[in-house]
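In what follows, a single structure is set out as structure tokens and then discussed.
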Amino acid sequence: QAIGLLDDLDKEINIYAMRVREWYGWHFPEMAKILNDNMFYARCVLRMGMRINCKNCDFSDILADEVVESTLKKTAETSMGTEISEMDLMNIKSLCEQVISLSEYRLQLFEYLKNRMAAIAPNLTLMVGELVGARLIAHSGSLINLAKHPASTIQILGAEKALFRALKTKTDTPKYGLIYHASLIGQAAPKNKGKISRVLA
């Protein structure tokens, strides 16, 4: 449930953050290029409101980078964006608050997931990390079910569609499923990823 909720939260946060960027982008379009991080973006919008207030704001606690902060302030003075009303700003700010509160809840949930995984499946967590481990358990239905699977099944858990499609069309079967996102496989050279995923499984 926790890993499912974490994935849902990621989707929600991304959708909301994109809305904030597009909406506030009418007023200050250049800001999206300066700040890539969604949390920083939302916090800065909340802090300054209208872009004319930007030069009087202190973002040091949010950005922790003087160069980015000075670039933001300079750009705000020469921005090509249109004017927005107080009503628009109020709605944009409430959306920013949603992004921030969801992001904070996501951090809390991730901490909970980390602790639960360390308690329930410490060895699995050590091998593939909390997120991949939790996804494998969720996909199998339980830790016992996952433990009963042969290595060849674990290797392609999550790639069932691709497997059946390959069997149907007599093409190569997939080399990995959910396990692909484990850091061990991420570090391997592309030609070795299949072998490493088999060893890891």
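Here's how to read the names in the structure tokens: chain A, B, ... by the order shown, residue numbers from 1 in each chain, ligand numbers from 1 in the order shown.
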Might you pull out every residue within 10 Å of Glu160 (chain A), with only C-alpha atoms counted and same-chain residues fewer than 6 positions away left off, and present them as a PyMOL selection string? chain A and resi 153+166+173-174+177
Please provide the set of residues having any atom within 8 Å of region 48-50 of chain A, restricted to only C-alpha atoms, with same-chain residues fewer than 6 positions apart removed, written as a PyMOL selection string. chain A and resi 57+89+93
Take the residues from that selection and put them in a file with all heavy atoms, as a PDB file, in the first residue's frame.
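As a result, part_18.pdb now contains:
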```pdb
ATOM      1  N   CYS A  57      12.988  40.186  -1.693  1.00  0.00           N
ATOM      2  CA  CYS A  57      12.856  38.931  -0.937  1.00  0.00           C
ATOM      3  C   CYS A  57      14.212  38.284  -0.677  1.00  0.00           C
ATOM      4  O   CYS A  57      15.139  38.442  -1.460  1.00  0.00           O
ATOM      5  CB  CYS A  57      11.984  37.938  -1.707  1.00  0.00           C
ATOM      6  SG  CYS A  57      10.268  38.440  -1.802  1.00  0.00           S
ATOM      7  N   LEU A  89      -3.176  35.220  -8.349  1.00  0.00           N
ATOM      8  CA  LEU A  89      -2.044  34.910  -7.471  1.00  0.00           C
ATOM      9  C   LEU A  89      -2.490  34.071  -6.271  1.00  0.00           C
ATOM     10  O   LEU A  89      -1.782  33.146  -5.860  1.00  0.00           O
ATOM     11  CB  LEU A  89      -1.377  36.203  -6.993  1.00  0.00           C
ATOM     12  CG  LEU A  89      -0.056  36.014  -6.250  1.00  0.00           C
ATOM     13  CD1 LEU A  89       1.003  35.396  -7.146  1.00  0.00           C
ATOM     14  CD2 LEU A  89       0.457  37.337  -5.717  1.00  0.00           C
ATOM     15  N   LYS A  93      -0.966  30.504  -5.428  1.00  0.00           N
ATOM     16  CA  LYS A  93      -0.325  30.265  -4.128  1.00  0.00           C
ATOM     17  C   LYS A  93      -0.935  29.053  -3.418  1.00  0.00           C
ATOM     18  O   LYS A  93      -0.219  28.276  -2.796  1.00  0.00           O
ATOM     19  CB  LYS A  93      -0.449  31.504  -3.233  1.00  0.00           C
ATOM     20  CG  LYS A  93       0.608  32.556  -3.542  1.00  0.00           C
ATOM     21  CD  LYS A  93       0.554  33.676  -2.520  1.00  0.00           C
ATOM     22  CE  LYS A  93       1.808  34.535  -2.585  1.00  0.00           C
ATOM     23  NZ  LYS A  93       1.791  35.603  -1.579  1.00  0.00           N
TER      24      LYS A  93
END
```
Distance criterion (only C-alpha atoms): nearest to Ala201 (chain A) out of A:Ile62, A:Leu163, A:Ile179, A:Cys44: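 That would be A:Ile179, the residue with the smallest distance to Ala201 (chain A).
Between CA of Met39 (chain A) and CA of Val128 (chain A) the separation is 27.5 Å.
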With only C-alpha atoms as the atoms that count, which of A:Leu131, A:Met90, A:Ala159, A:Ile34 lies nearest to Lys74 (chain A)?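 Looking only at the distances to Lys74 (chain A), the closest residue turns out to be A:Ile34.
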Enter the distance from CA of Lys161 (chain A) to CA of Leu184 (chain A), in Å, rounded to one decimal.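 Those two atoms sit 24.1 Å apart.
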CA of Leu136 (chain A) to CA of Lys148 (chain A), straight-line distance in Å: 12.5 Å
Near-region 105-119 of chain A list (7 Å; only C-alpha atoms; drop same-chain fewer than 6 positions) as a PyMOL selection string: chain A and resi 2+6+9+125+130
Show me, as a list in words, the residues that have an atom within 10 Å of Ala147 (chain A) when counting only C-alpha atoms, minus same-chain residues fewer than 6 positions from it.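 Those residues are Ile137, Ser140 and Ile154 of chain A.
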Hey, what does DSSP flag as alpha helix (DSSP H) within region 3-131 of chain A? Can you give it to me as a ChimeraX atom specification? /A:3-25,31-34,38-48,60-63,66-77,86-120,122-128,130-131
For Ile13 (chain A), find every residue with an atom within 12 Å (counting only C-alpha atoms), except residues of its own chain fewer than 3 positions away, and show them as a ChimeraX atom specification. /A:5-10,16-20,37-39,42,95-106
Quick one: write out the picked residues with N, CA and C atoms as a PDB file, in the first residue's frame?
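again-v5.pdb written:
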```pdb
ATOM      1  N   LEU A   5       1.004   4.078  -2.850  1.00  0.00           N
ATOM      2  CA  LEU A   5       0.682   5.474  -2.519  1.00  0.00           C
ATOM      3  C   LEU A   5       1.835   6.403  -2.891  1.00  0.00           C
ATOM      4  N   LEU A   6       3.062   5.930  -2.694  1.00  0.00           N
ATOM      5  CA  LEU A   6       4.244   6.727  -3.041  1.00  0.00           C
ATOM      6  C   LEU A   6       4.268   7.031  -4.541  1.00  0.00           C
ATOM      7  N   ASP A   7       3.971   6.008  -5.347  1.00  0.00           N
ATOM      8  CA  ASP A   7       3.923   6.202  -6.804  1.00  0.00           C
ATOM      9  C   ASP A   7       2.806   7.167  -7.190  1.00  0.00           C
ATOM     10  N   ASP A   8       1.638   7.020  -6.530  1.00  0.00           N
ATOM     11  CA  ASP A   8       0.508   7.928  -6.802  1.00  0.00           C
ATOM     12  C   ASP A   8       0.879   9.364  -6.455  1.00  0.00           C
ATOM     13  N   LEU A   9       1.552   9.529  -5.298  1.00  0.00           N
ATOM     14  CA  LEU A   9       1.961  10.868  -4.862  1.00  0.00           C
ATOM     15  C   LEU A   9       2.924  11.508  -5.854  1.00  0.00           C
ATOM     16  N   ASP A  10       3.870  10.701  -6.359  1.00  0.00           N
ATOM     17  CA  ASP A  10       4.823  11.219  -7.347  1.00  0.00           C
ATOM     18  C   ASP A  10       4.094  11.762  -8.565  1.00  0.00           C
ATOM     19  N   TYR A  16       0.638  18.584 -10.386  1.00  0.00           N
ATOM     20  CA  TYR A  16       0.397  19.877  -9.730  1.00  0.00           C
ATOM     21  C   TYR A  16       1.540  20.857  -9.992  1.00  0.00           C
ATOM     22  N   ALA A  17       2.779  20.332  -9.909  1.00  0.00           N
ATOM     23  CA  ALA A  17       3.949  21.198 -10.109  1.00  0.00           C
ATOM     24  C   ALA A  17       3.980  21.741 -11.538  1.00  0.00           C
ATOM     25  N   MET A  18       3.608  20.911 -12.500  1.00  0.00           N
ATOM     26  CA  MET A  18       3.544  21.371 -13.898  1.00  0.00           C
ATOM     27  C   MET A  18       2.498  22.478 -14.046  1.00  0.00           C
ATOM     28  N   ARG A  19       1.374  22.310 -13.358  1.00  0.00           N
ATOM     29  CA  ARG A  19       0.316  23.339 -13.388  1.00  0.00           C
ATOM     30  C   ARG A  19       0.827  24.663 -12.815  1.00  0.00           C
ATOM     31  N   VAL A  20       1.538  24.565 -11.689  1.00  0.00           N
ATOM     32  CA  VAL A  20       2.093  25.780 -11.068  1.00  0.00           C
ATOM     33  C   VAL A  20       3.019  26.491 -12.055  1.00  0.00           C
ATOM     34  N   ASP A  37      13.929  22.529  -9.735  1.00  0.00           N
ATOM     35  CA  ASP A  37      13.304  21.767  -8.651  1.00  0.00           C
ATOM     36  C   ASP A  37      11.904  22.290  -8.343  1.00  0.00           C
ATOM     37  N   ASN A  38      10.924  21.373  -8.310  1.00  0.00           N
ATOM     38  CA  ASN A  38       9.521  21.768  -8.097  1.00  0.00           C
ATOM     39  C   ASN A  38       9.272  22.390  -6.731  1.00  0.00           C
ATOM     40  N   MET A  39       9.925  21.838  -5.696  1.00  0.00           N
ATOM     41  CA  MET A  39       9.736  22.368  -4.337  1.00  0.00           C
ATOM     42  C   MET A  39      10.285  23.790  -4.234  1.00  0.00           C
ATOM     43  N   ALA A  42       7.919  26.210  -6.082  1.00  0.00           N
ATOM     44  CA  ALA A  42       6.692  26.496  -5.332  1.00  0.00           C
ATOM     45  C   ALA A  42       6.973  27.401  -4.129  1.00  0.00           C
ATOM     46  N   LEU A  95      -2.225  26.485  -4.815  1.00  0.00           N
ATOM     47  CA  LEU A  95      -1.723  25.302  -5.517  1.00  0.00           C
ATOM     48  C   LEU A  95      -0.280  24.999  -5.089  1.00  0.00           C
ATOM     49  N   CYS A  96       0.516  26.066  -4.889  1.00  0.00           N
ATOM     50  CA  CYS A  96       1.896  25.891  -4.399  1.00  0.00           C
ATOM     51  C   CYS A  96       1.901  25.222  -3.027  1.00  0.00           C
ATOM     52  N   GLU A  97       0.963  25.632  -2.180  1.00  0.00           N
ATOM     53  CA  GLU A  97       0.871  25.024  -0.842  1.00  0.00           C
ATOM     54  C   GLU A  97       0.557  23.534  -0.941  1.00  0.00           C
ATOM     55  N   GLN A  98      -0.304  23.187  -1.910  1.00  0.00           N
ATOM     56  CA  GLN A  98      -0.625  21.773  -2.137  1.00  0.00           C
ATOM     57  C   GLN A  98       0.630  20.989  -2.530  1.00  0.00           C
ATOM     58  N   VAL A  99       1.404  21.558  -3.453  1.00  0.00           N
ATOM     59  CA  VAL A  99       2.636  20.895  -3.918  1.00  0.00           C
ATOM     60  C   VAL A  99       3.588  20.672  -2.747  1.00  0.00           C
ATOM     61  N   ILE A 100       3.758  21.706  -1.918  1.00  0.00           N
ATOM     62  CA  ILE A 100       4.688  21.617  -0.790  1.00  0.00           C
ATOM     63  C   ILE A 100       4.205  20.600   0.245  1.00  0.00           C
ATOM     64  N   SER A 101       2.911  20.641   0.570  1.00  0.00           N
ATOM     65  CA  SER A 101       2.408  19.718   1.603  1.00  0.00           C
ATOM     66  C   SER A 101       2.448  18.272   1.103  1.00  0.00           C
ATOM     67  N   LEU A 102       2.131  18.057  -0.178  1.00  0.00           N
ATOM     68  CA  LEU A 102       2.216  16.698  -0.733  1.00  0.00           C
ATOM     69  C   LEU A 102       3.661  16.203  -0.749  1.00  0.00           C
ATOM     70  N   SER A 103       4.600  17.103  -1.083  1.00  0.00           N
ATOM     71  CA  SER A 103       6.022  16.722  -1.119  1.00  0.00           C
ATOM     72  C   SER A 103       6.520  16.367   0.280  1.00  0.00           C
ATOM     73  N   GLU A 104       6.060  17.134   1.271  1.00  0.00           N
ATOM     74  CA  GLU A 104       6.470  16.852   2.653  1.00  0.00           C
ATOM     75  C   GLU A 104       5.888  15.519   3.126  1.00  0.00           C
ATOM     76  N   TYR A 105       4.628  15.272   2.736  1.00  0.00           N
ATOM     77  CA  TYR A 105       3.994  13.998   3.107  1.00  0.00           C
ATOM     78  C   TYR A 105       4.712  12.833   2.431  1.00  0.00           C
ATOM     79  N   ARG A 106       5.172  13.064   1.181  1.00  0.00           N
ATOM     80  CA  ARG A 106       5.897  12.025   0.447  1.00  0.00           C
ATOM     81  C   ARG A 106       7.188  11.651   1.181  1.00  0.00           C
TER      82      ARG A 106
END
```
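Closest approach to His27 (chain A) among A:Met127, A:Val67, A:Met80, A:Leu46 is made by A:Met80 (distances from only C-alpha atoms).
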Residues at most 10 Å from Leu63 (chain A), counting only C-alpha atoms, excluding those fewer than 6 positions away in the same chain, as a list in words?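 Neighbouring residues, sequence-local ones excluded: Leu35, Asp37, Phe40, Tyr41, Arg43, Cys44 and Glu69 of chain A.
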Store the residues picked out above, limited to C-alpha atoms, as an mmCIF file, in the first residue's frame.
```
data_model
loop_
_atom_site.group_PDB
_atom_site.id
_atom_site.type_symbol
_atom_site.label_atom_id
_atom_site.label_comp_id
_atom_site.auth_asym_id
_atom_site.auth_seq_id
_atom_site.Cartn_x
_atom_site.Cartn_y
_atom_site.Cartn_z
ATOM 1 C CA LEU A 35 14.672 26.752 -11.036
ATOM 2 C CA ASP A 37 13.304 21.767 -8.651
ATOM 3 C CA PHE A 40 12.111 25.349 -4.753
ATOM 4 C CA TYR A 41 9.851 26.765 -7.457
ATOM 5 C CA ARG A 43 8.427 27.938 -2.231
ATOM 6 C CA CYS A 44 9.833 30.892 -4.192
ATOM 7 C CA GLU A 69 19.247 33.876 -6.289
#
```
